file target-v7.txt (compact mmCIF, C-alpha atoms)
# COMPACT_ATOMS: atom_id res chain seq x y z
CA MET D 268 58.60 35.40 146.68
CA GLU D 269 60.70 35.23 149.75
CA GLU D 270 64.27 36.18 149.15
CA ASP D 271 65.68 33.37 151.26
CA ILE D 272 63.50 30.69 149.66
CA ASP D 273 62.01 30.94 146.19
CA THR D 274 63.72 33.67 144.25
CA ARG D 275 67.13 32.10 144.54
CA LYS D 276 65.86 28.76 143.28
CA ILE D 277 65.93 29.78 139.66
CA ASN D 278 67.49 27.76 136.87
CA SER D 279 68.85 29.59 133.90
CA SER D 280 69.32 28.39 130.37
CA PHE D 281 71.44 30.51 128.07
CA LEU D 282 69.83 30.64 124.68
CA ARG D 283 71.09 33.18 122.28
CA ASP D 284 74.62 34.50 122.20
CA HIS D 285 76.78 36.11 119.57
CA SER D 286 80.41 36.65 120.48
CA TYR D 287 80.65 39.32 117.80
CA ALA D 288 77.35 41.09 118.33
CA THR D 289 76.30 43.80 115.94
CA GLU D 290 73.68 46.49 116.41
CA ALA D 291 71.25 44.32 114.38
CA ASP D 292 71.48 41.52 116.98
CA ILE D 293 70.13 43.64 119.85
CA ILE D 294 66.81 42.16 121.01
CA SER D 295 64.00 44.73 120.87
CA THR D 296 60.96 42.70 121.99
CA VAL D 297 60.14 39.40 123.77
CA GLU D 298 56.73 37.69 123.90
CA PHE D 299 55.34 34.29 125.02
CA ASN D 300 52.35 32.90 123.15
CA HIS D 301 49.08 32.17 125.01
CA THR D 302 50.12 28.64 126.07
CA GLY D 303 53.76 29.48 126.82
CA GLU D 304 54.94 26.72 124.47
CA LEU D 305 56.45 29.28 122.09
CA LEU D 306 58.56 32.36 122.77
CA ALA D 307 59.20 34.98 120.10
CA THR D 308 61.94 37.61 120.03
CA GLY D 309 62.38 40.46 117.58
CA ASP D 310 65.63 42.34 117.01
CA LYS D 311 66.96 45.55 115.53
CA GLY D 312 67.85 43.72 112.32
CA GLY D 313 64.16 43.04 111.59
CA ARG D 314 64.39 39.33 112.38
CA VAL D 315 61.94 37.26 114.40
CA VAL D 316 63.27 34.18 116.22
CA ILE D 317 60.74 31.75 117.67
CA PHE D 318 61.75 29.27 120.36
CA GLN D 319 59.74 26.14 121.16
CA ARG D 320 59.62 24.42 124.52
CA GLU D 321 61.08 20.92 124.78
CA GLN D 322 58.58 18.11 125.27
CA GLU D 323 59.06 16.14 128.48
CA SER D 324 60.97 12.88 128.21
CA LYS D 325 61.03 10.17 130.87
CA ASN D 326 64.82 9.82 130.89
CA GLN D 327 65.47 13.60 130.98
CA PRO D 328 62.70 15.24 133.05
CA HIS D 329 64.79 18.38 133.73
CA ARG D 330 64.82 19.25 130.02
CA ARG D 331 61.10 20.08 130.01
CA GLY D 332 61.71 23.77 130.61
CA GLU D 333 64.27 24.27 127.85
CA TYR D 334 63.47 26.26 124.74
CA ASN D 335 65.13 25.60 121.40
CA VAL D 336 65.05 27.53 118.13
CA TYR D 337 61.89 26.61 116.19
CA SER D 338 61.86 29.15 113.37
CA THR D 339 63.77 32.24 112.26
CA PHE D 340 62.58 34.63 109.58
CA GLN D 341 63.14 38.16 108.31
CA SER D 342 60.00 40.08 109.23
CA HIS D 343 60.88 43.62 108.11
CA GLU D 344 63.47 45.13 105.76
CA PRO D 345 64.90 48.66 105.89
CA GLU D 346 62.92 51.08 103.70
CA PHE D 347 63.21 54.67 102.56
CA ASP D 348 60.39 57.21 102.59
CA TYR D 349 61.17 59.34 99.53
CA LEU D 350 58.51 61.93 100.30
CA LYS D 351 59.93 62.70 103.73
CA SER D 352 63.54 61.70 102.95
CA LEU D 353 63.52 59.43 105.97
CA GLU D 354 64.97 55.98 106.51
CA ILE D 355 62.49 53.53 108.03
CA GLU D 356 64.31 51.14 110.34
CA GLU D 357 63.69 47.42 110.12
CA LYS D 358 63.79 47.11 113.94
CA ILE D 359 60.90 45.06 115.38
CA ASN D 360 59.15 47.27 117.96
CA LYS D 361 56.53 44.78 119.19
CA ILE D 362 55.33 41.21 118.67
CA ARG D 363 51.86 40.02 119.69
CA TRP D 364 50.58 36.45 119.36
CA LEU D 365 47.04 35.52 118.37
CA PRO D 366 45.39 32.61 120.21
CA GLN D 367 45.91 29.34 118.37
CA GLN D 368 42.83 28.22 116.38
CA ASN D 369 44.33 25.32 114.38
CA ALA D 370 47.67 23.64 113.76
CA ALA D 371 49.28 26.89 112.60
CA TYR D 372 50.45 29.82 114.74
CA PHE D 373 49.77 33.48 113.95
CA LEU D 374 51.61 36.55 115.22
CA LEU D 375 51.69 40.29 114.57
CA SER D 376 55.01 42.08 114.25
CA THR D 377 55.61 45.76 113.67
CA ASN D 378 58.41 48.18 112.93
CA ASP D 379 57.98 51.98 113.01
CA LYS D 380 55.47 52.09 110.14
CA THR D 381 54.15 48.69 109.03
CA VAL D 382 52.36 45.88 110.89
CA LYS D 383 52.50 42.34 109.46
CA LEU D 384 50.46 39.24 110.26
CA TRP D 385 52.61 36.10 110.01
CA LYS D 386 51.51 32.48 109.76
CA VAL D 387 53.96 29.93 111.15
CA SER D 388 53.15 26.35 110.11
CA GLU D 389 54.79 22.93 109.98
CA ARG D 390 55.15 20.60 107.01
CA ASP D 391 56.39 17.01 107.38
CA LYS D 392 54.85 15.37 104.26
CA ARG D 393 55.27 15.97 100.55
CA PRO D 394 53.12 14.78 97.64
CA GLU D 395 54.60 12.30 95.14
CA GLY D 396 53.28 10.54 92.04
CA TYR D 397 51.90 13.38 89.92
CA ASN D 398 50.45 12.49 86.54
CA LEU D 399 51.22 15.70 84.62
CA LYS D 400 54.74 16.31 85.90
CA ASP D 401 57.74 14.19 86.82
CA GLU D 402 59.50 13.99 90.19
CA ASP D 403 61.68 17.01 89.32
CA GLY D 404 58.60 19.11 88.62
CA ARG D 405 59.01 19.20 84.80
CA LEU D 406 55.81 18.89 82.76
CA ARG D 407 55.38 15.51 81.04
CA ASP D 408 54.30 15.09 77.46
CA PRO D 409 50.56 14.23 77.69
CA SER D 410 50.94 11.75 74.79
CA MET D 411 53.42 9.74 76.90
CA ILE D 412 50.98 9.31 79.81
CA THR D 413 49.48 5.83 79.45
CA THR D 414 48.39 5.14 83.04
CA LEU D 415 46.90 7.22 85.79
CA ARG D 416 48.63 7.33 89.16
CA VAL D 417 47.13 8.24 92.51
CA PRO D 418 49.39 10.82 94.18
CA VAL D 419 50.52 9.89 97.69
CA LEU D 420 51.94 11.88 100.65
CA ARG D 421 55.40 10.73 101.71
CA PRO D 422 57.06 11.65 105.04
CA MET D 423 59.84 14.23 104.88
CA ASP D 424 62.02 16.16 107.33
CA LEU D 425 60.00 18.64 109.38
CA MET D 426 59.99 22.08 107.83
CA VAL D 427 58.70 25.20 109.61
CA GLU D 428 57.46 27.88 107.23
CA ALA D 429 56.72 31.52 108.04
CA THR D 430 54.54 33.34 105.52
CA PRO D 431 53.18 36.90 105.67
CA ARG D 432 49.37 36.67 105.42
CA ARG D 433 48.55 40.37 105.79
CA VAL D 434 50.51 43.63 105.55
CA PHE D 435 48.95 46.66 107.25
CA ALA D 436 50.78 49.71 105.93
CA ASN D 437 50.50 53.45 105.25
CA ALA D 438 48.34 54.33 108.26
CA HIS D 439 50.87 55.94 110.62
CA THR D 440 52.60 59.28 110.15
CA TYR D 441 54.58 58.83 113.37
CA HIS D 442 56.44 55.86 114.83
CA ILE D 443 54.36 52.89 116.04
CA ASN D 444 55.08 52.16 119.71
CA SER D 445 52.36 49.59 120.53
CA ILE D 446 50.15 46.95 119.02
CA SER D 447 47.45 45.12 120.98
CA VAL D 448 45.12 42.28 119.94
CA ASN D 449 41.51 42.75 121.01
CA SER D 450 39.70 40.06 123.03
CA ASP D 451 37.25 39.62 120.12
CA TYR D 452 40.27 38.31 118.12
CA GLU D 453 38.85 40.04 115.03
CA THR D 454 40.47 43.42 115.55
CA TYR D 455 43.68 44.93 116.88
CA MET D 456 45.02 48.43 117.45
CA SER D 457 48.27 50.13 116.60
CA ALA D 458 49.42 53.27 118.40
CA ASP D 459 51.96 55.90 117.38
CA ASP D 460 53.03 59.12 119.11
CA LEU D 461 49.80 61.00 118.34
CA ARG D 462 47.20 58.55 117.03
CA ILE D 463 45.69 55.12 117.69
CA ASN D 464 44.19 53.11 114.82
CA LEU D 465 41.78 50.16 114.96
CA TRP D 466 42.21 47.42 112.34
CA ASN D 467 40.25 44.37 111.27
CA PHE D 468 42.52 41.38 110.61
CA GLU D 469 40.83 40.76 107.25
CA ILE D 470 41.12 44.35 105.94
CA THR D 471 44.54 45.80 105.17
CA ASN D 472 43.68 48.94 103.20
CA GLN D 473 41.49 50.62 105.82
CA SER D 474 41.71 51.37 109.53
CA PHE D 475 39.62 53.45 111.91
CA ASN D 476 41.29 56.28 113.79
CA ILE D 477 40.02 55.97 117.38
CA VAL D 478 42.36 58.43 119.16
CA ASP D 479 43.93 61.57 117.72
CA ILE D 480 45.73 63.98 120.07
CA LYS D 481 47.51 65.95 117.34
CA PRO D 482 46.89 69.67 117.93
CA ALA D 483 46.01 71.96 115.01
CA ASN D 484 49.24 73.84 115.70
CA MET D 485 52.15 71.46 116.44
CA GLU D 486 53.79 74.17 118.57
CA GLU D 487 51.01 73.57 121.09
CA LEU D 488 51.96 69.89 121.47
CA THR D 489 52.45 69.10 125.17
CA GLU D 490 52.36 65.30 125.32
CA VAL D 491 52.61 62.16 123.20
CA ILE D 492 51.14 58.65 123.44
CA THR D 493 53.73 56.23 124.81
CA ALA D 494 51.85 52.90 125.04
CA ALA D 495 48.38 51.43 124.54
CA GLU D 496 46.62 48.16 125.32
CA PHE D 497 43.20 46.55 125.03
CA HIS D 498 41.36 45.22 128.11
CA PRO D 499 41.86 41.42 128.33
CA HIS D 500 38.11 40.66 128.52
CA HIS D 501 36.07 43.72 127.45
CA CYS D 502 36.52 44.30 123.72
CA ASN D 503 35.23 47.89 123.93
CA THR D 504 37.77 49.10 126.52
CA PHE D 505 41.39 50.14 126.10
CA VAL D 506 43.97 52.32 127.87
CA TYR D 507 46.78 54.50 126.64
CA SER D 508 49.55 56.24 128.56
CA SER D 509 51.27 59.55 127.90
CA SER D 510 54.62 61.24 128.31
CA LYS D 511 53.07 63.36 131.08
CA GLY D 512 52.61 60.33 133.32
CA THR D 513 48.84 60.04 132.82
CA ILE D 514 46.70 57.08 131.77
CA ARG D 515 43.40 57.39 129.92
CA LEU D 516 40.82 54.62 129.80
CA CYS D 517 38.50 54.81 126.79
CA ASP D 518 35.23 53.09 125.89
CA MET D 519 34.60 52.60 122.16
CA ARG D 520 30.85 52.32 122.82
CA ALA D 521 30.73 55.99 123.82
CA SER D 522 31.82 57.40 120.45
CA ALA D 523 33.70 56.43 117.31
CA LEU D 524 36.53 58.87 118.09
CA CYS D 525 37.64 58.27 121.68
CA ASP D 526 39.08 61.76 122.28
CA ARG D 527 36.99 61.99 125.44
CA HIS D 528 38.24 59.46 127.95
CA SER D 529 36.02 57.55 130.38
CA LYS D 530 38.61 57.58 133.16
CA PHE D 531 41.76 59.60 133.75
CA PHE D 532 44.45 58.22 136.06
CA GLU D 533 47.01 60.64 137.45
CA GLU D 534 48.97 60.89 140.66
CA PRO D 535 49.36 64.40 142.15
CA GLU D 536 52.99 65.49 142.06
CA ASP D 537 54.84 65.90 145.33
CA PRO D 538 56.16 69.51 145.24
CA SER D 539 59.14 68.56 147.42
CA ASN D 540 60.39 66.18 144.69
CA ARG D 541 60.01 68.70 141.86
CA SER D 542 63.14 69.11 139.74
CA PHE D 543 64.32 69.81 136.20
CA PHE D 544 63.95 66.10 135.42
CA SER D 545 60.47 65.60 136.91
CA GLU D 546 58.63 65.64 133.60
CA ILE D 547 61.10 63.31 131.89
CA ILE D 548 61.10 60.66 134.63
CA SER D 549 57.31 60.75 135.01
CA SER D 550 56.80 59.74 131.35
CA ILE D 551 55.21 56.27 131.23
CA SER D 552 57.17 53.80 129.12
CA ASP D 553 54.80 50.81 129.42
CA VAL D 554 51.22 50.06 130.44
CA LYS D 555 49.79 46.56 131.05
CA PHE D 556 46.39 45.30 132.16
CA SER D 557 46.48 42.53 134.75
CA HIS D 558 45.22 39.14 133.51
CA SER D 559 42.11 39.65 135.64
CA GLY D 560 41.43 43.03 133.99
CA ARG D 561 40.99 44.71 137.39
CA TYR D 562 44.34 46.51 137.56
CA ILE D 563 46.68 48.50 135.33
CA MET D 564 50.45 48.48 135.81
CA THR D 565 52.56 51.38 134.55
CA ARG D 566 56.32 51.83 134.40
CA ASP D 567 58.04 55.20 134.52
CA TYR D 568 61.78 55.80 134.80
CA LEU D 569 62.18 55.12 138.53
CA THR D 570 59.01 53.27 139.59
CA VAL D 571 56.36 50.69 138.80
CA LYS D 572 52.81 51.62 139.81
CA VAL D 573 49.67 49.49 140.11
CA TRP D 574 46.33 51.23 139.60
CA ASP D 575 42.86 49.97 140.46
CA LEU D 576 40.44 50.68 137.61
CA ASN D 577 37.98 51.99 140.20
CA MET D 578 40.37 54.59 141.68
CA GLU D 579 41.71 57.33 139.45
CA ASN D 580 43.35 59.79 141.85
CA ARG D 581 46.37 57.71 142.89
CA PRO D 582 47.93 54.25 142.43
CA ILE D 583 47.21 51.58 145.04
CA GLU D 584 50.83 50.36 144.95
CA THR D 585 54.14 52.04 144.07
CA TYR D 586 57.40 50.10 143.82
CA GLN D 587 60.81 51.77 143.64
CA VAL D 588 62.81 50.06 140.89
CA HIS D 589 66.15 51.87 141.28
CA ASP D 590 65.65 54.83 143.57
CA TYR D 591 69.42 55.02 144.06
CA LEU D 592 69.58 56.61 140.58
CA ARG D 593 67.70 59.71 141.73
CA SER D 594 71.00 61.38 142.59
CA LYS D 595 72.46 60.39 139.19
CA LEU D 596 69.76 61.94 136.97
CA CYS D 597 72.09 64.65 135.70
CA SER D 598 74.63 62.21 134.25
CA LEU D 599 71.82 59.93 133.03
CA TYR D 600 70.40 62.92 131.15
CA GLU D 601 73.79 63.67 129.60
CA ASN D 602 74.25 60.09 128.33
CA ASP D 603 70.57 59.87 127.20
CA CYS D 604 69.84 56.90 129.48
CA ILE D 605 67.08 58.92 131.15
CA PHE D 606 65.04 58.38 127.96
CA ASP D 607 65.30 54.56 128.10
CA LYS D 608 61.93 52.81 127.85
CA PHE D 609 61.64 49.94 130.32
CA GLU D 610 58.79 47.42 130.03
CA CYS D 611 56.98 45.66 132.87
CA VAL D 612 55.14 42.32 133.10
CA TRP D 613 52.75 40.43 135.43
CA ASN D 614 53.13 36.80 136.37
CA GLY D 615 50.26 34.45 135.50
CA SER D 616 48.37 35.05 138.75
CA ASP D 617 48.98 38.85 138.90
CA SER D 618 50.72 38.40 142.27
CA VAL D 619 54.28 39.25 141.17
CA ILE D 620 55.52 41.96 138.80
CA MET D 621 58.83 42.16 137.00
CA THR D 622 60.73 44.94 135.27
CA GLY D 623 64.28 45.67 134.16
CA SER D 624 67.06 47.97 135.30
CA TYR D 625 70.73 48.69 134.50
CA ASN D 626 73.85 46.55 134.93
CA ASN D 627 71.81 43.60 133.55
CA PHE D 628 69.71 43.69 136.74
CA PHE D 629 66.01 42.96 136.79
CA ARG D 630 63.59 43.45 139.67
CA MET D 631 60.70 41.37 141.02
CA PHE D 632 58.07 42.62 143.45
CA ASP D 633 55.70 40.31 145.33
CA ARG D 634 52.41 42.17 145.78
CA ASN D 635 51.26 39.97 148.67
CA THR D 636 54.35 39.79 150.88
CA LYS D 637 55.74 43.18 149.71
CA ARG D 638 59.14 41.55 149.35
CA ASP D 639 61.33 42.45 146.40
CA VAL D 640 64.51 41.05 144.90
CA THR D 641 67.17 42.18 142.42
CA LEU D 642 68.56 39.48 140.12
CA GLU D 643 71.21 39.63 137.42
CA ALA D 644 71.14 38.19 133.89
CA SER D 645 74.76 37.92 132.83
CA ARG D 646 77.10 35.34 131.37
CA GLU D 647 79.31 35.28 134.45
CA ASN D 648 76.67 33.91 136.84
CA SER D 649 74.21 32.34 134.41
CA LYS D 650 75.62 28.96 133.52
CA PRO D 651 72.83 26.48 132.68
CA ARG D 652 71.05 25.31 135.83
CA ALA D 653 73.01 27.73 138.02
CA ILE D 654 71.07 29.27 140.91
CA LEU D 655 70.69 33.03 140.78
CA LYS D 656 71.78 34.95 143.85
CA PRO D 657 70.02 38.19 144.85
CA ARG D 658 72.08 41.31 144.21
CA LYS D 659 72.20 44.49 146.29
CA VAL D 660 73.27 48.00 145.30
CA CYS D 661 75.16 50.02 147.87
CA VAL D 662 74.28 53.74 147.82
CA GLY D 663 76.73 55.17 150.32
CA GLY D 664 78.74 54.33 153.39
CA LYS D 665 80.58 51.05 153.81
CA ARG D 666 80.08 48.52 151.02
CA ARG D 667 79.65 44.90 151.97
CA LYS D 668 81.48 42.16 150.08
CA ASP D 669 78.52 41.00 147.97
CA GLU D 670 77.16 44.48 147.21
CA ILE D 671 77.81 46.57 144.12
CA SER D 672 78.43 50.31 144.33
CA VAL D 673 76.00 52.61 142.52
CA ASP D 674 79.02 54.29 140.91
CA SER D 675 80.18 51.05 139.27
CA LEU D 676 76.86 50.21 137.59
CA ASP D 677 77.19 49.70 133.83
CA PHE D 678 74.49 51.80 132.13
CA SER D 679 75.20 50.27 128.71
CA LYS D 680 73.94 46.92 130.02
CA LYS D 681 70.21 47.44 130.37
CA ILE D 682 67.24 45.09 130.53
CA LEU D 683 64.39 46.82 128.74
CA HIS D 684 62.39 43.78 127.55
CA THR D 685 61.09 40.90 129.66
CA ALA D 686 58.28 38.34 129.42
CA TRP D 687 56.59 35.96 131.88
CA HIS D 688 55.13 32.55 130.97
CA PRO D 689 51.29 32.79 131.15
CA SER D 690 50.89 30.00 133.73
CA GLU D 691 54.29 28.90 135.06
CA ASN D 692 57.23 30.54 136.79
CA ILE D 693 59.33 30.81 133.65
CA ILE D 694 60.64 34.20 132.59
CA ALA D 695 62.48 35.47 129.53
CA VAL D 696 64.91 38.35 129.90
CA ALA D 697 66.57 40.16 127.01
CA ALA D 698 69.97 41.62 127.90
CA THR D 699 71.11 43.53 124.76
CA ASN D 700 71.88 40.71 122.27
CA ASN D 701 71.44 37.80 124.70
CA LEU D 702 68.23 36.05 125.70
CA TYR D 703 68.08 34.36 129.09
CA ILE D 704 65.36 32.03 130.29
CA PHE D 705 65.01 31.45 134.02
CA GLN D 706 62.69 29.04 135.74
CA ASP D 707 61.87 27.82 139.24
CA LYS D 708 64.32 25.17 140.34
CA VAL D 709 63.22 21.66 139.42
CA ASN D 710 64.23 19.38 142.28
call {"tool": "encode", "arguments": {"input": "target-v7.txt", "output": "structure tokens"}}
result
Amino acid sequence: MEEDIDTRKINSSFLRDHSYATEADIISTVEFNHTGELLATGDKGGRVVIFQREQESKNQPHRRGEYNVYSTFQSHEPEFDYLKSLEIEEKINKIRWLPQQNAAYFLLSTNDKTVKLWKVSERDKRPEGYNLKDEDGRLRDPSMITTLRVPVLRPMDLMVEATPRRVFANAHTYHINSISVNSDYETYMSADDLRINLWNFEITNQSFNIVDIKPANMEELTEVITAAEFHPHHCNTFVYSSSKGTIRLCDMRASALCDRHSKFFEEPEDPSNRSFFSEIISSISDVKFSHSGRYIMTRDYLTVKVWDLNMENRPIETYQVHDYLRSKLCSLYENDCIFDKFECVWNGSDSVIMTGSYNNFFRMFDRNTKRDVTLEASRENSKPRAILKPRKVCVGGKRRKDEISVDSLDFSKKILHTAWHPSENIIAVAATNNLYIFQDKVN
């Protein structure tokens, strides 16, 4: 990932744009499936949009990387909890794909309270020639049937259907922030602010509570769960992060209730950096296992950290995402931006990590060369097949022509959700209501 070579050679294709965007159109999650052929987005309006990758054609080889809309469906509707007098938003918090077992695709989607398992399948044939009903579907008079017909399947226009196969409800008192599919592909977990539940895909009316940090007296509450994920290979291991900047690794073989962690990852605080905002900015907004399962990546407000599972006392790598905002924490607190929850992702080989920032900027860090780059996802510089140019933020002193001043950053334009193709250099970046897909330049 050298700034002068690879990172600028990125094509962009502009996928989803609404000139008159509403709050419901804001993208709230982005996720590639296990092959990278499909890309799902969820939005604040409870919709799921699935994009499918174009198949390669001999006369248009450059179109291979393009994604087009494959299916759109309403996953969640707004609800009202009459007992608590609370509105339950339809906003999709997370989407997780299951590995493909047959011709159909399966994915989990969740809002604040309810997880749903969706089946997405194709139909391009329809049966004709029924004996007991006519072509319009009306029942025929049995006395009029004089001959038996053999029904046949006739080709029809391709139809993509999304059907809810399971609904996992009524198990969370607090808002669900994470769902994670286990490597046994039979179970998954859902995490809210104070509890983590383990579900079997076949059983919707029962879940096992595997973590519960709710104190007997809520006034003694000091931290909440912010994210949780299963290990990619060991079905008994999972991690969860907290608002205090700590990560706990748990082993389900040790006990049914994993209140006692196996490992506890925490970096000692530097007293010289202590401030009023220290606790807020140390809260972890995302945690991700590397594909290899050896490392954990965490994102807090200003940094991305990489932890080795074998070393609990400090991270092995720390990357500054936007350290120039350290002097702006007061105004970021006043406009609530300091509570924004940025996600982070690994590339397919765990060698590069990506996370979002403000002003529609997103950051990439190469773990091998230690080089980093800031890129921008915006309509102005993201025409299809345009090459992205690295951006630089000027903190003080004289500003160069191509730099942007820290005072002119737009904090309403934020990239919270990103995804990386599992095996290729293709990334998806959600900038409010727009989805951008960037890929390595195809010569």
call {"tool": "atom_distance", "arguments": {"input": "target-v7.txt", "atom1": "atom CA of Ile480 of chain D", "atom2": "atom CA of Val297 of chain D"}}
result
28.7 Å
call {"tool": "residues_around", "arguments": {"input": "target-v7.txt", "residues": "Val387 of chain D", "least_positions_apart": "2", "cutoff": "7 Å", "atoms": "only C-alpha atoms", "output": "number ranges by chain"}}
result
D: 371-373, 385, 427-430
call {"tool": "atom_distance", "arguments": {"input": "target-v7.txt", "atom1": "atom CA of Phe556 of chain D", "atom2": "atom CA of Tyr586 of chain D"}}
result
16.7 Å
call {"tool": "closest_residue", "arguments": {"input": "target-v7.txt", "among": "D:Met564, D:Leu305, D:Ile359, D:Leu642", "to": "Ile293 of chain D", "atoms": "only C-alpha atoms"}}
result
D:Ile359
call {"tool": "atom_distance", "arguments": {"input": "target-v7.txt", "atom1": "atom CA of Glu610 of chain D", "atom2": "atom CA of Ser388 of chain D"}}
result
29.5 Å
call {"tool": "residues_around", "arguments": {"input": "target-v7.txt", "residues": "segment 416-422 of chain D", "least_positions_apart": "6", "cutoff": "8 Å", "atoms": "all atoms listed in the file", "output": "list in words"}}
result
Asp391, Lys392, Arg393, Pro394, Glu395, Gly396, Tyr397 and Asn398 of chain D
call {"tool": "residues_around", "arguments": {"input": "target-v7.txt", "residues": "segment 307-313 of chain D", "least_positions_apart": "3", "cutoff": "7 Å", "atoms": "all atoms listed in the file", "output": "PDB file with C-alpha atoms, keeping the file's coordinate frame"}}
result
ATOM      1  CA  GLU D 290      73.680  46.490 116.410  1.00  0.00           C
ATOM      2  CA  ALA D 291      71.250  44.320 114.380  1.00  0.00           C
ATOM      3  CA  ASP D 292      71.480  41.520 116.980  1.00  0.00           C
ATOM      4  CA  ILE D 293      70.130  43.640 119.850  1.00  0.00           C
ATOM      5  CA  ILE D 294      66.810  42.160 121.010  1.00  0.00           C
ATOM      6  CA  SER D 295      64.000  44.730 120.870  1.00  0.00           C
ATOM      7  CA  THR D 296      60.960  42.700 121.990  1.00  0.00           C
ATOM      8  CA  VAL D 297      60.140  39.400 123.770  1.00  0.00           C
ATOM      9  CA  GLU D 298      56.730  37.690 123.900  1.00  0.00           C
ATOM     10  CA  PHE D 299      55.340  34.290 125.020  1.00  0.00           C
ATOM     11  CA  VAL D 316      63.270  34.180 116.220  1.00  0.00           C
ATOM     12  CA  ILE D 317      60.740  31.750 117.670  1.00  0.00           C
ATOM     13  CA  PHE D 318      61.750  29.270 120.360  1.00  0.00           C
ATOM     14  CA  GLN D 341      63.140  38.160 108.310  1.00  0.00           C
ATOM     15  CA  SER D 342      60.000  40.080 109.230  1.00  0.00           C
ATOM     16  CA  HIS D 343      60.880  43.620 108.110  1.00  0.00           C
ATOM     17  CA  GLU D 344      63.470  45.130 105.760  1.00  0.00           C
ATOM     18  CA  GLU D 357      63.690  47.420 110.120  1.00  0.00           C
ATOM     19  CA  LYS D 358      63.790  47.110 113.940  1.00  0.00           C
ATOM     20  CA  ILE D 359      60.900  45.060 115.380  1.00  0.00           C
TER      21      ILE D 359
END
call {"tool": "closest_residue", "arguments": {"input": "target-v7.txt", "among": "D:Cys604, D:Cys597, D:Met519, D:Ile704", "to": "Leu655 of chain D", "atoms": "all atoms listed in the file"}}
result
D:Ile704
call {"tool": "closest_residue", "arguments": {"input": "target-v7.txt", "among": "D:Arg314, D:Arg320, D:Thr471, D:Glu304", "to": "Thr339 of chain D", "atoms": "only C-alpha atoms"}}
result
D:Arg314
call {"tool": "closest_residue", "arguments": {"input": "target-v7.txt", "among": "D:Leu425, D:Val448, D:Ala495, D:Leu365", "to": "His301 of chain D", "atoms": "all atoms listed in the file"}}
result
D:Leu365
call {"tool": "residues_near_point", "arguments": {"input": "target-v7.txt", "point": "(31.7, 54.6, 122.5)", "cutoff": "12 Å", "atoms": "all atoms listed in the file", "output": "VMD selection string"}}
result
chain D and resid 477 to 478 502 to 505 516 to 529
call {"tool": "residues_around", "arguments": {"input": "target-v7.txt", "residues": "Tyr507 of chain D", "least_positions_apart": "2", "cutoff": "6 Å", "atoms": "only C-alpha atoms", "output": "PyMOL selection string"}}
result
chain D and resi 494-495+514-515
call {"tool": "closest_residue", "arguments": {"input": "target-v7.txt", "among": "D:Lys400, D:Arg658, D:Lys511, D:His500", "to": "Ser550 of chain D", "atoms": "all atoms listed in the file"}}
result
D:Lys511
call {"tool": "closest_residue", "arguments": {"input": "target-v7.txt", "among": "D:Ala697, D:Asn626, D:Arg652, D:Tyr703", "to": "Phe678 of chain D", "atoms": "only C-alpha atoms"}}
result
D:Asn626
call {"tool": "residues_around", "arguments": {"input": "target-v7.txt", "residues": "Ser457 of chain D", "least_positions_apart": "5", "cutoff": "9 Å", "atoms": "all atoms listed in the file", "output": "MDAnalysis selection string"}}
result
chainID D and resid 382 439 443:447 462:466 495
call {"tool": "residues_near_point", "arguments": {"input": "target-v7.txt", "point": "(58.5, 62.3, 127.2)", "cutoff": "9 Å", "atoms": "all atoms listed in the file", "output": "ChimeraX atom specification"}}
result
/D:490-491,493,509-512,546-552,606
